[in-house]
Amino acid sequence: MFSYSDERFADLQLLRYQLPGFEQLTLLQKRYVYALSKATLYGRDITFDQFGKYNLCIRKMLEAVYTDPGIDRHTEDFKALEIYLKRIWFSNGIYHHYDCGKFQPGFSEEYLRRVLAEIPVDNLPLREGETLDDLCQELFPVIFDPAVLPKRVNKNDGEDLVMTSACHFYQGVSQQEAEDFYQQQKFSCLDGEPPSYGLNSTLVKKDGRLYEDVWRIGGRYSKAIEQIVYWLEQAKSYAENSRQVRIIEFLIDYYKTGDLQCFNAYCKEWVSEHEGRIDFVNGFIEVYADPLGMKGSWEGIVEYKDLEATKRTQTISRNAQWFEDHSPVDSRFRKKQVKGVTANAICAAMLGGDEYPSTAIGINLPNADWIRAEYGSKSITISNITDAYNKAAHGNGFKEEFVIDESTLAMINQYGDVCDDLHTDLHECLGHGSGQLLPGTDPDALKAYGNTIEEARADLFGLYYMADDKLVELGLLPDGEAYKAQYYSYMMNGLLTQLTRIQPGHQIEEAHMRNRALIARWCLENGNTLSLVKREGKTYLRINDYVALRLQIATLLAEIQRIKSEGDYETARELVERYAVKVDPVIHEEIQERYKRLNLAPYKGFINPRLIPVKNELGEITDIQVDYTEGYTQQMLRYSTEYGTLI
């Protein structure tokens with residue numbers, strides 16, 4: 001029997017997602033999904049290395065301990081090591097996947113050194129000529145000393161964000177040197193189609209010289225990329241149409257050359273393909289893991305359209321020009337002609353890299369503003385992932401604890417799911433795809449604040465239109481009251497409940513959390529629409545005026561769009577630092593105590609289904625079966641063995 005909930009440890013819960021309708025795909029489509037899935041899984045080691053220089057070595061070392069049959073598995077130290085390793089698997093490294101802080105192990109240095117000495121030395125990730133003592137000397141400070149490389153991505157204002165971040169995108173380079181290096185590249189290439197500077201390289205300083213170590217075949221990550229390309233070549237044979245073949249060919253050229261103009265060509269072709277039911281993302285895409293917002297983390301997702309749910313998203317995309325024309329932002333920042341905006345509800349068939357085990361529920365690509373303006377964008381809402389989240393949350397007591405009263409709770413229970421899905425659609429399809437930069441504005445002008453501002457812009461766009469009569473007219477919402485469920489849930493999260501994800505004494509780090517805090521706190525402090533009230537010692541949100549709240553959202557959306565369109569770094573910095581970063585320690589402690597009593601895990605991720613080819617006596621694939629029985633540990637160890645390519 002299929003189960004949505006599987007395993008829990010630390011602050012994490014693992015869920016499963018189902019592949020509804022997969023059995024109805026044609027054999028060719030199933031083969032296409034299978035080959036693309038293999039290409040997706042081979043990128044795993046790249047993400048580990050990007051998220052920290054020592055991640056792969058630490059993972060391999062601990063996996064050697066964990067799988068050794070001679071180690072006593074019943075001690076408290078071993079159990080603590082097991083949890084630590086499971087967290088590393090989940091976060092693609094030794095840093096928390098959301099707040100970027102380094103995990104502190106529950107076992108001692110003495111224990112780890114002793115068990116390492118008990119296992120065959122050939123099982124350890126030793127370089128040529130390296131001894132166990134050398135390995136321990138290099139890795140133990142990284143694992144056990146809280147002061148050594150403490151944060152994967154540091155965004156503290158006033159600090160050198162590159163030198164103080166442990167992510168592996170820069171080597172020996174300061175923030176100023178990195179910014180100057182890429183600014184010079186932009187000055188030297190003012191014509192043509194601008195590349196996404198720095199997207200696919202490690203910036204290295206050696207002997208006083210800066211250069212890019214490009215991620216390509218023959219360059220950094222070559223062994224992993226070779227396998228990705230092999231399976232992309234296989235996928236070409238099963239593509240649904242000729243444009244899908246061209247997309248894969250452009251992507252392969254990019255992986256072979258590392259040329260960002262090849263990536264531009266791939267993006268333009270990819271965003272123009274709409275006929276097939278199967279699609280995928282594979283490559284160095286999102287830049288949230290880079291403190292400067294330039295380097296792309298490797299990620300992969302294979303998907304097929306959810307035909308019924310896509311009717312909703314396509315209704316939105318067909319009306320994209322209406323939404324753009326009626327946006328409350330300055331007309332200078334609106335697109336006169338919205339091009340190529342498409343939106344689909346999809347089912348994820350395989351997750352990889354930075355999309356696994358924790359994944360987004362919606363995606364809008366490409367990220368380059370000029371491609372969006374000239375060629376359009378694709379948006380997806382991942383319906384089987386949101387379905388798994390919804391089923392896991394059913395009846396867990398969270399809303400009952402934090403929603404202010406029974407009438408508001410009833411409203412959220414009635415409208416919440418449909419509003420959540422719709423807001424995701426609006427955020428991805430219209431929000432990210434809306435607006436335009438003024439001529440001459442550097443798309444990277446907002447620097448470390450760019451990700452937060454962009455997510456706030458997309459969320460505000462969605463929130464503004466949630467309350468518009470147009471959504472009822474289009475049949476996307478049942479009535480004019482439904483939007484209030486989204487407004488309440490969103491503001492409650494931004495002001496209160498997302499604090500369950502913050503460690504005591506920490507600030508808000510992650511861009512999406514900062515975005516939600518910025519919007520909710522700005523609305524709280526700049527009007528009388530929201531109040532935080534106490535009842536029996538507990539803090540609740542009260543919305544005093546939903547109509548006026550929408551006007552506030554419109555005002556903030558107009559300002560956020562202006563900031564992005566003009567590249568106004570100073571105002572972006574002021575807004576984020578004032579509203580999006582700091583945490584009230586008193587409210588924080590209260591929210592965490594209330595949440596703790598619910599015995600819930602604040603973070604959730606997913607175990608992939610296993611796609612198993614069925615072959616005839618000639619070795620030909622006659623079907624692809626979906627298996628949901630693989631456990632979390634079993635899957636992670638198999639991936640490390642089957643898809644491990646990098647040292």
# chains A, B, ... in the order shown; residues from 1 in each chain; ligands from 1
>>> residues_around(residues="His97 in chain A", least_positions_apart="2", cutoff="10 Å", atoms="only C-alpha atoms", output="short mmCIF file (atom, residue, chain, number, x, y, z; two decimals) with all heavy atoms, in the first residue's frame")
data_model
loop_
_atom_site.label_atom_id
_atom_site.label_comp_id
_atom_site.auth_asym_id
_atom_site.auth_seq_id
_atom_site.Cartn_x
_atom_site.Cartn_y
_atom_site.Cartn_z
N PHE A 51 28.22 22.75 -2.45
CA PHE A 51 27.74 23.23 -1.16
C PHE A 51 28.81 23.19 -0.07
O PHE A 51 28.53 23.54 1.07
CB PHE A 51 26.52 22.41 -0.72
CG PHE A 51 25.26 22.75 -1.48
CD1 PHE A 51 25.25 23.66 -2.52
CD2 PHE A 51 24.05 22.15 -1.14
CE1 PHE A 51 24.09 23.96 -3.21
CE2 PHE A 51 22.88 22.45 -1.81
CZ PHE A 51 22.90 23.35 -2.86
N ARG A 87 21.34 13.55 7.94
CA ARG A 87 21.19 14.99 7.71
C ARG A 87 22.08 15.46 6.55
O ARG A 87 21.69 16.31 5.75
CB ARG A 87 21.51 15.77 8.98
CG ARG A 87 20.59 15.46 10.15
CD ARG A 87 20.88 16.33 11.35
NE ARG A 87 20.31 17.67 11.16
CZ ARG A 87 20.43 18.67 12.03
NH1 ARG A 87 21.13 18.49 13.15
NH2 ARG A 87 19.88 19.84 11.80
N ILE A 88 23.28 14.91 6.48
CA ILE A 88 24.18 15.23 5.37
C ILE A 88 23.55 14.81 4.04
O ILE A 88 23.58 15.57 3.07
CB ILE A 88 25.55 14.55 5.58
CG1 ILE A 88 26.31 15.25 6.71
CG2 ILE A 88 26.37 14.56 4.30
CD1 ILE A 88 27.60 14.55 7.11
N PHE A 90 20.43 14.55 3.38
CA PHE A 90 19.27 15.40 3.10
C PHE A 90 19.71 16.77 2.57
O PHE A 90 19.09 17.31 1.64
CB PHE A 90 18.44 15.59 4.37
CG PHE A 90 17.11 16.26 4.13
CD1 PHE A 90 15.97 15.50 3.94
CD2 PHE A 90 17.00 17.64 4.08
CE1 PHE A 90 14.74 16.11 3.70
CE2 PHE A 90 15.78 18.25 3.84
CZ PHE A 90 14.65 17.48 3.66
N SER A 91 20.76 17.33 3.14
CA SER A 91 21.17 18.70 2.84
C SER A 91 22.26 18.79 1.79
O SER A 91 22.79 19.88 1.55
CB SER A 91 21.63 19.41 4.12
OG SER A 91 20.58 19.51 5.05
N ASN A 92 22.63 17.65 1.19
CA ASN A 92 23.74 17.65 0.24
C ASN A 92 25.01 18.23 0.86
O ASN A 92 25.74 18.99 0.22
CB ASN A 92 23.37 18.40 -1.04
CG ASN A 92 22.28 17.71 -1.83
OD1 ASN A 92 22.47 16.60 -2.32
ND2 ASN A 92 21.12 18.34 -1.94
N GLY A 93 25.23 17.89 2.11
CA GLY A 93 26.43 18.38 2.79
C GLY A 93 26.21 18.60 4.27
O GLY A 93 25.16 18.25 4.82
N ILE A 94 27.18 19.20 4.92
CA ILE A 94 27.20 19.33 6.38
C ILE A 94 26.50 20.60 6.87
O ILE A 94 26.58 20.92 8.06
CB ILE A 94 28.64 19.29 6.92
CG1 ILE A 94 29.46 20.48 6.40
CG2 ILE A 94 29.32 17.96 6.54
CD1 ILE A 94 30.85 20.60 7.02
N TYR A 95 25.82 21.29 5.98
CA TYR A 95 25.13 22.53 6.34
C TYR A 95 23.62 22.38 6.16
O TYR A 95 23.17 21.76 5.19
CB TYR A 95 25.65 23.70 5.48
CG TYR A 95 27.13 23.92 5.63
CD1 TYR A 95 28.03 23.30 4.77
CD2 TYR A 95 27.63 24.70 6.67
CE1 TYR A 95 29.40 23.47 4.92
CE2 TYR A 95 29.00 24.88 6.82
CZ TYR A 95 29.87 24.26 5.96
OH TYR A 95 31.23 24.43 6.12
N ASP A 99 18.74 26.98 6.73
CA ASP A 99 19.35 28.12 7.40
C ASP A 99 20.86 28.19 7.19
O ASP A 99 21.51 29.15 7.62
CB ASP A 99 19.01 28.15 8.89
CG ASP A 99 19.72 27.09 9.71
OD1 ASP A 99 20.69 26.47 9.23
OD2 ASP A 99 19.30 26.87 10.87
N CYS A 100 21.43 27.18 6.52
CA CYS A 100 22.84 27.18 6.07
C CYS A 100 23.86 27.05 7.20
O CYS A 100 25.06 27.11 6.95
CB CYS A 100 23.16 28.44 5.25
SG CYS A 100 22.24 28.53 3.71
N GLY A 101 23.41 26.88 8.45
CA GLY A 101 24.34 26.69 9.55
C GLY A 101 24.90 25.27 9.56
O GLY A 101 24.25 24.32 9.10
N LYS A 102 26.09 25.11 10.10
CA LYS A 102 26.74 23.80 10.12
C LYS A 102 26.15 22.92 11.21
O LYS A 102 25.92 23.36 12.33
CB LYS A 102 28.25 23.97 10.35
CG LYS A 102 29.05 22.69 10.20
CD LYS A 102 30.54 22.95 10.13
CE LYS A 102 31.11 23.40 11.45
NZ LYS A 102 32.58 23.50 11.40
N ARG A 152 27.26 27.91 5.35
CA ARG A 152 27.39 27.66 3.90
C ARG A 152 27.22 28.94 3.10
O ARG A 152 27.98 29.22 2.16
CB ARG A 152 26.37 26.60 3.45
CG ARG A 152 26.38 26.37 1.95
CD ARG A 152 25.63 25.11 1.57
NE ARG A 152 24.24 25.13 1.93
CZ ARG A 152 23.27 25.65 1.19
NH1 ARG A 152 23.56 26.23 0.04
NH2 ARG A 152 22.02 25.58 1.58
N ALA A 289 22.30 29.56 -3.62
CA ALA A 289 23.38 29.01 -2.81
C ALA A 289 24.66 29.82 -2.90
O ALA A 289 25.64 29.51 -2.21
CB ALA A 289 23.66 27.56 -3.21
N ASP A 354 19.99 19.93 -6.31
CA ASP A 354 19.44 20.92 -5.38
C ASP A 354 17.92 20.83 -5.26
O ASP A 354 17.32 21.53 -4.45
CB ASP A 354 19.85 22.33 -5.84
CG ASP A 354 19.73 23.36 -4.73
OD1 ASP A 354 19.58 22.97 -3.56
OD2 ASP A 354 19.78 24.57 -5.03
N PRO A 357 16.72 15.99 -1.48
CA PRO A 357 15.35 15.53 -1.21
C PRO A 357 14.33 16.68 -1.00
O PRO A 357 13.15 16.46 -1.15
CB PRO A 357 15.48 14.73 0.08
CG PRO A 357 16.92 14.40 0.21
CD PRO A 357 17.63 15.57 -0.39
N SER A 358 14.82 17.87 -0.61
CA SER A 358 13.91 19.00 -0.46
C SER A 358 13.72 19.66 -1.81
O SER A 358 14.69 19.92 -2.53
CB SER A 358 14.51 20.01 0.54
OG SER A 358 13.70 21.15 0.65
N GLU A 510 17.45 32.53 4.79
CA GLU A 510 17.03 32.03 3.49
C GLU A 510 16.17 33.05 2.75
O GLU A 510 15.33 33.73 3.35
CB GLU A 510 16.27 30.71 3.70
CG GLU A 510 16.20 29.84 2.47
CD GLU A 510 15.04 30.20 1.58
OE1 GLU A 510 14.06 30.79 2.10
OE2 GLU A 510 15.10 29.90 0.38
N TYR A 603 10.61 20.72 8.66
CA TYR A 603 11.07 20.59 7.27
C TYR A 603 10.71 19.21 6.74
O TYR A 603 10.78 18.22 7.46
CB TYR A 603 12.59 20.76 7.19
CG TYR A 603 13.07 22.10 7.64
CD1 TYR A 603 13.61 22.27 8.92
CD2 TYR A 603 13.01 23.21 6.81
CE1 TYR A 603 14.06 23.50 9.35
CE2 TYR A 603 13.45 24.45 7.24
CZ TYR A 603 13.98 24.59 8.51
OH TYR A 603 14.41 25.81 8.92
#
>>> residues_around(residues="Thr342 in chain A", least_positions_apart="5", cutoff="7 Å", atoms="only C-alpha atoms", output="ChimeraX atom specification")
/A:314,317,377-379,429
>>> closest_residue(among="A:Val472, A:Ala35, A:Leu27, A:Ile607", to="Tyr230 in chain A", atoms="only C-alpha atoms")
A:Ala35
>>> select_by_dssp(residues="range 520-558 of chain A", states="helix (DSSP H, G or I)", output="ChimeraX atom specification")
/A:520-525,546-558
>>> residues_around(residues="range 281-286 of chain A", least_positions_apart="2", cutoff="9 Å", atoms="only C-alpha atoms", output="VMD selection string")
chain A and resid 36 39 to 40 43 199 to 200 228 251 255 279 288 to 289 293 to 303 352 354 365 to 367
>>> residues_around(residues="range 214-221 of chain A", least_positions_apart="3", cutoff="12 Å", atoms="only C-alpha atoms", output="PyMOL selection string")
chain A and resi 42-50+168-170+197-204+211+224-230+251-260+263+283-284+295-298+644-647
>>> write_last_selection(atoms="N, CA and C atoms", output="short mmCIF file (atom, residue, chain, number, x, y, z; two decimals), in the first residue's frame")
data_model
loop_
_atom_site.label_atom_id
_atom_site.label_comp_id
_atom_site.auth_asym_id
_atom_site.auth_seq_id
_atom_site.Cartn_x
_atom_site.Cartn_y
_atom_site.Cartn_z
N TYR A 42 22.67 11.57 -11.87
CA TYR A 42 24.12 11.63 -11.96
C TYR A 42 24.69 12.99 -11.57
N GLY A 43 23.85 13.97 -11.33
CA GLY A 43 24.36 15.27 -10.90
C GLY A 43 24.53 15.42 -9.39
N ARG A 44 24.18 14.39 -8.63
CA ARG A 44 24.14 14.50 -7.17
C ARG A 44 25.48 14.94 -6.56
N ASP A 45 26.57 14.32 -6.98
CA ASP A 45 27.87 14.65 -6.39
C ASP A 45 28.28 16.09 -6.68
N ILE A 46 27.85 16.63 -7.81
CA ILE A 46 28.17 18.02 -8.12
C ILE A 46 27.60 18.94 -7.05
N THR A 47 26.33 18.74 -6.72
CA THR A 47 25.68 19.58 -5.71
C THR A 47 26.38 19.47 -4.38
N PHE A 48 26.75 18.25 -3.98
CA PHE A 48 27.48 18.07 -2.74
C PHE A 48 28.75 18.92 -2.73
N ASP A 49 29.52 18.87 -3.80
CA ASP A 49 30.78 19.62 -3.84
C ASP A 49 30.53 21.12 -3.87
N GLN A 50 29.52 21.56 -4.59
CA GLN A 50 29.22 23.00 -4.64
C GLN A 50 28.87 23.56 -3.27
N HIS A 168 31.35 26.27 -2.20
CA HIS A 168 32.58 26.00 -2.95
C HIS A 168 32.54 26.63 -4.34
N PHE A 169 32.13 27.88 -4.41
CA PHE A 169 32.06 28.58 -5.68
C PHE A 169 33.26 29.50 -5.91
N TYR A 170 33.99 29.78 -4.86
CA TYR A 170 35.12 30.70 -4.92
C TYR A 170 36.29 30.08 -4.16
N TYR A 197 26.68 35.72 -16.49
CA TYR A 197 28.08 35.74 -16.08
C TYR A 197 28.31 34.93 -14.80
N GLY A 198 29.32 34.06 -14.86
CA GLY A 198 29.72 33.32 -13.68
C GLY A 198 28.85 32.14 -13.33
N LEU A 199 27.83 31.86 -14.11
CA LEU A 199 26.83 30.86 -13.74
C LEU A 199 27.42 29.48 -13.56
N ASN A 200 28.39 29.10 -14.38
CA ASN A 200 28.85 27.70 -14.43
C ASN A 200 30.35 27.58 -14.22
N SER A 201 30.86 28.27 -13.19
CA SER A 201 32.30 28.20 -12.96
C SER A 201 32.63 28.47 -11.50
N THR A 202 33.79 27.97 -11.10
CA THR A 202 34.38 28.33 -9.82
C THR A 202 35.39 29.43 -10.09
N LEU A 203 35.29 30.53 -9.36
CA LEU A 203 36.24 31.63 -9.54
C LEU A 203 37.42 31.38 -8.60
N VAL A 204 38.61 31.28 -9.18
CA VAL A 204 39.81 30.87 -8.45
C VAL A 204 40.86 31.97 -8.52
N TYR A 211 40.90 33.47 -12.33
CA TYR A 211 40.41 32.78 -13.52
C TYR A 211 39.21 31.91 -13.15
N ALA A 224 31.19 13.58 -13.64
CA ALA A 224 29.74 13.58 -13.45
C ALA A 224 29.04 14.05 -14.73
N ILE A 225 29.56 15.10 -15.35
CA ILE A 225 28.92 15.66 -16.55
C ILE A 225 28.98 14.67 -17.71
N GLU A 226 30.04 13.88 -17.79
CA GLU A 226 30.11 12.87 -18.84
C GLU A 226 28.96 11.88 -18.74
N GLN A 227 28.62 11.48 -17.52
CA GLN A 227 27.50 10.55 -17.33
C GLN A 227 26.16 11.22 -17.63
N ILE A 228 26.03 12.48 -17.22
CA ILE A 228 24.80 13.22 -17.54
C ILE A 228 24.61 13.29 -19.05
N VAL A 229 25.68 13.62 -19.75
CA VAL A 229 25.61 13.73 -21.22
C VAL A 229 25.31 12.38 -21.85
N TYR A 230 25.89 11.30 -21.33
CA TYR A 230 25.61 9.97 -21.87
C TYR A 230 24.11 9.69 -21.84
N LEU A 251 21.82 21.54 -24.93
CA LEU A 251 22.29 21.31 -23.57
C LEU A 251 23.60 20.51 -23.57
N ILE A 252 23.68 19.52 -24.42
CA ILE A 252 24.91 18.73 -24.51
C ILE A 252 26.07 19.61 -24.98
N ASP A 253 25.83 20.47 -25.97
CA ASP A 253 26.88 21.40 -26.43
C ASP A 253 27.36 22.28 -25.28
N TYR A 254 26.43 22.73 -24.49
CA TYR A 254 26.77 23.57 -23.33
C TYR A 254 27.63 22.79 -22.34
N TYR A 255 27.23 21.55 -22.04
CA TYR A 255 28.01 20.74 -21.11
C TYR A 255 29.40 20.43 -21.67
N LYS A 256 29.51 20.28 -22.96
CA LYS A 256 30.81 19.97 -23.55
C LYS A 256 31.74 21.18 -23.59
N THR A 257 31.18 22.34 -23.86
CA THR A 257 32.01 23.54 -24.05
C THR A 257 32.07 24.46 -22.84
N GLY A 258 31.01 24.44 -22.03
CA GLY A 258 30.91 25.40 -20.95
C GLY A 258 30.59 26.80 -21.43
N ASP A 259 30.27 26.95 -22.69
CA ASP A 259 30.01 28.26 -23.30
C ASP A 259 28.61 28.74 -22.89
N LEU A 260 28.55 29.88 -22.25
CA LEU A 260 27.26 30.40 -21.77
C LEU A 260 26.36 30.86 -22.91
N PHE A 263 24.34 28.00 -23.50
CA PHE A 263 23.27 27.95 -22.51
C PHE A 263 22.12 28.86 -22.91
N GLY A 283 20.77 21.09 -14.99
CA GLY A 283 21.90 22.00 -15.16
C GLY A 283 22.16 22.88 -13.96
N PHE A 284 22.98 23.89 -14.20
CA PHE A 284 23.35 24.86 -13.17
C PHE A 284 22.35 26.01 -13.27
N LYS A 295 26.34 32.15 -9.09
CA LYS A 295 26.71 30.78 -9.40
C LYS A 295 25.50 29.86 -9.31
N GLY A 296 25.32 29.02 -10.33
CA GLY A 296 24.15 28.14 -10.39
C GLY A 296 24.40 26.81 -9.72
N SER A 297 23.56 26.46 -8.76
CA SER A 297 23.61 25.12 -8.17
C SER A 297 23.09 24.11 -9.19
N TRP A 298 23.71 22.91 -9.18
CA TRP A 298 23.23 21.90 -10.11
C TRP A 298 21.91 21.33 -9.59
N GLY A 644 27.80 7.80 -7.77
CA GLY A 644 28.98 8.49 -7.28
C GLY A 644 30.04 8.59 -8.36
N THR A 645 30.44 9.81 -8.68
CA THR A 645 31.39 10.03 -9.77
C THR A 645 32.60 10.86 -9.35
N LEU A 646 32.45 11.64 -8.30
CA LEU A 646 33.50 12.60 -7.93
C LEU A 646 34.18 12.17 -6.64
N ILE A 647 35.42 12.57 -6.49
CA ILE A 647 36.19 12.25 -5.28
C ILE A 647 36.16 13.46 -4.36
#
>>> closest_residue(among="A:Trp322, A:Phe398, A:Tyr389, A:Tyr54", to="Lys336 in chain A", atoms="only C-alpha atoms")
A:Trp322
>>> residues_around(residues="Asn154 in chain A", least_positions_apart="4", cutoff="8 Å", atoms="only C-alpha atoms", output="PDB file with all heavy atoms, in the first residue's frame")
ATOM      1  N   CYS A 100      21.433  27.181   6.519  1.00  0.00           N
ATOM      2  CA  CYS A 100      22.836  27.178   6.075  1.00  0.00           C
ATOM      3  C   CYS A 100      23.855  27.052   7.200  1.00  0.00           C
ATOM      4  O   CYS A 100      25.059  27.114   6.951  1.00  0.00           O
ATOM      5  CB  CYS A 100      23.163  28.437   5.250  1.00  0.00           C
ATOM      6  SG  CYS A 100      22.243  28.530   3.709  1.00  0.00           S
ATOM      7  N   LEU A 161      31.005  38.566   2.144  1.00  0.00           N
ATOM      8  CA  LEU A 161      30.094  37.435   1.995  1.00  0.00           C
ATOM      9  C   LEU A 161      30.751  36.237   1.321  1.00  0.00           C
ATOM     10  O   LEU A 161      30.337  35.098   1.550  1.00  0.00           O
ATOM     11  CB  LEU A 161      28.857  37.868   1.204  1.00  0.00           C
ATOM     12  CG  LEU A 161      28.080  39.056   1.777  1.00  0.00           C
ATOM     13  CD1 LEU A 161      26.810  39.291   0.967  1.00  0.00           C
ATOM     14  CD2 LEU A 161      27.755  38.857   3.244  1.00  0.00           C
ATOM     15  N   VAL A 162      31.749  36.471   0.504  1.00  0.00           N
ATOM     16  CA  VAL A 162      32.439  35.370  -0.164  1.00  0.00           C
ATOM     17  C   VAL A 162      33.412  34.682   0.781  1.00  0.00           C
ATOM     18  O   VAL A 162      33.409  33.450   0.929  1.00  0.00           O
ATOM     19  CB  VAL A 162      33.170  35.879  -1.424  1.00  0.00           C
ATOM     20  CG1 VAL A 162      34.088  34.805  -1.999  1.00  0.00           C
ATOM     21  CG2 VAL A 162      32.153  36.313  -2.481  1.00  0.00           C
ATOM     22  N   THR A 164      33.432  34.603   3.963  1.00  0.00           N
ATOM     23  CA  THR A 164      32.804  34.022   5.158  1.00  0.00           C
ATOM     24  C   THR A 164      31.761  32.965   4.823  1.00  0.00           C
ATOM     25  O   THR A 164      31.088  32.466   5.724  1.00  0.00           O
ATOM     26  CB  THR A 164      32.147  35.125   6.006  1.00  0.00           C
ATOM     27  OG1 THR A 164      31.172  35.828   5.204  1.00  0.00           O
ATOM     28  CG2 THR A 164      33.187  36.103   6.525  1.00  0.00           C
ATOM     29  N   SER A 165      31.618  32.614   3.554  1.00  0.00           N
ATOM     30  CA  SER A 165      30.691  31.553   3.139  1.00  0.00           C
ATOM     31  C   SER A 165      31.487  30.301   2.782  1.00  0.00           C
ATOM     32  O   SER A 165      32.515  30.382   2.104  1.00  0.00           O
ATOM     33  CB  SER A 165      29.846  31.996   1.942  1.00  0.00           C
ATOM     34  OG  SER A 165      28.980  33.060   2.294  1.00  0.00           O
ATOM     35  N   PRO A 291      26.366  33.479  -2.229  1.00  0.00           N
ATOM     36  CA  PRO A 291      26.060  34.729  -1.524  1.00  0.00           C
ATOM     37  C   PRO A 291      25.965  35.932  -2.449  1.00  0.00           C
ATOM     38  O   PRO A 291      25.299  36.918  -2.100  1.00  0.00           O
ATOM     39  CB  PRO A 291      27.226  34.876  -0.532  1.00  0.00           C
ATOM     40  CG  PRO A 291      28.324  34.032  -1.096  1.00  0.00           C
ATOM     41  CD  PRO A 291      27.639  32.890  -1.777  1.00  0.00           C
ATOM     42  N   GLU A 509      17.847  33.845   7.303  1.00  0.00           N
ATOM     43  CA  GLU A 509      18.897  33.784   6.291  1.00  0.00           C
ATOM     44  C   GLU A 509      18.351  33.494   4.889  1.00  0.00           C
ATOM     45  O   GLU A 509      18.774  34.106   3.916  1.00  0.00           O
ATOM     46  CB  GLU A 509      19.910  32.682   6.664  1.00  0.00           C
ATOM     47  CG  GLU A 509      20.631  32.917   7.970  1.00  0.00           C
ATOM     48  CD  GLU A 509      21.785  33.885   7.835  1.00  0.00           C
ATOM     49  OE1 GLU A 509      22.083  34.310   6.699  1.00  0.00           O
ATOM     50  OE2 GLU A 509      22.388  34.221   8.866  1.00  0.00           O
TER      51      GLU A 509
END
>>> select_by_dssp(residues="range 334-379 of chain A", states="strand (DSSP E)", output="PyMOL selection string")
chain A and resi 341-353+362-365+377-379
>>> residues_around(residues="range 181-184 of chain A", least_positions_apart="3", cutoff="9 Å", atoms="only C-alpha atoms", output="VMD selection string")
chain A and resid 176 to 178 187 to 189 197 to 198 210
>>> write_last_selection(atoms="N, CA, C and O atoms", output="tab-separated table (two decimals), in the first residue's frame")
chain	number	residue	atom	x	y	z
A	176	GLN	N	34.96	41.65	-2.99
A	176	GLN	CA	35.25	42.77	-3.87
A	176	GLN	C	35.94	42.31	-5.15
A	176	GLN	O	35.62	42.78	-6.25
A	177	GLU	N	36.85	41.36	-5.01
A	177	GLU	CA	37.54	40.84	-6.20
A	177	GLU	C	36.56	40.15	-7.14
A	177	GLU	O	36.65	40.31	-8.36
A	178	ALA	N	35.63	39.37	-6.56
A	178	ALA	CA	34.65	38.67	-7.39
A	178	ALA	C	33.74	39.67	-8.10
A	178	ALA	O	33.46	39.54	-9.31
A	187	PHE	N	31.39	44.94	-18.72
A	187	PHE	CA	31.81	46.12	-19.47
A	187	PHE	C	32.42	45.74	-20.81
A	187	PHE	O	32.32	46.49	-21.78
A	188	SER	N	33.07	44.57	-20.86
A	188	SER	CA	33.75	44.17	-22.09
A	188	SER	C	32.82	43.47	-23.09
A	188	SER	O	33.24	43.13	-24.18
A	189	CYS	N	31.56	43.25	-22.70
A	189	CYS	CA	30.62	42.56	-23.59
A	189	CYS	C	29.27	43.27	-23.50
A	189	CYS	O	28.36	42.83	-22.80
A	197	TYR	N	26.68	35.72	-16.49
A	197	TYR	CA	28.08	35.74	-16.08
A	197	TYR	C	28.31	34.93	-14.80
A	197	TYR	O	27.60	35.11	-13.81
A	198	GLY	N	29.32	34.06	-14.86
A	198	GLY	CA	29.72	33.32	-13.68
A	198	GLY	C	28.85	32.14	-13.33
A	198	GLY	O	29.11	31.46	-12.33
A	210	LEU	N	43.19	35.87	-11.21
A	210	LEU	CA	41.83	35.34	-11.14
A	210	LEU	C	41.48	34.65	-12.45
A	210	LEU	O	41.74	35.18	-13.53
>>> residues_around(residues="Ile587 in chain A", least_positions_apart="3", cutoff="9 Å", atoms="only C-alpha atoms", output="list in words")
Leu496, Leu499, Thr539, Val583, Asp584, Glu590, Ile591 and Gln592 of chain A
>>> write_last_selection(atoms="N, CA and C atoms", output="tab-separated table (two decimals), in the first residue's frame")
chain	number	residue	atom	x	y	z
A	496	LEU	N	4.83	34.91	12.09
A	496	LEU	CA	4.89	34.01	13.24
A	496	LEU	C	5.41	32.62	12.91
A	499	LEU	N	8.88	31.10	12.00
A	499	LEU	CA	9.91	31.13	13.04
A	499	LEU	C	10.19	29.75	13.62
A	539	THR	N	0.37	34.46	21.22
A	539	THR	CA	0.33	35.51	20.21
A	539	THR	C	-0.36	35.00	18.94
A	583	VAL	N	14.93	38.80	14.20
A	583	VAL	CA	13.90	37.97	14.84
A	583	VAL	C	13.66	38.48	16.25
A	584	ASP	N	12.39	38.68	16.61
A	584	ASP	CA	12.02	39.05	17.98
A	584	ASP	C	12.22	37.82	18.87
A	590	GLU	N	8.29	31.80	22.13
A	590	GLU	CA	6.90	31.37	22.32
A	590	GLU	C	6.43	30.46	21.18
A	591	ILE	N	6.69	30.89	19.94
A	591	ILE	CA	6.24	30.10	18.78
A	591	ILE	C	6.90	28.73	18.78
A	592	GLN	N	8.16	28.68	19.11
A	592	GLN	CA	8.85	27.39	19.11
A	592	GLN	C	8.33	26.47	20.20
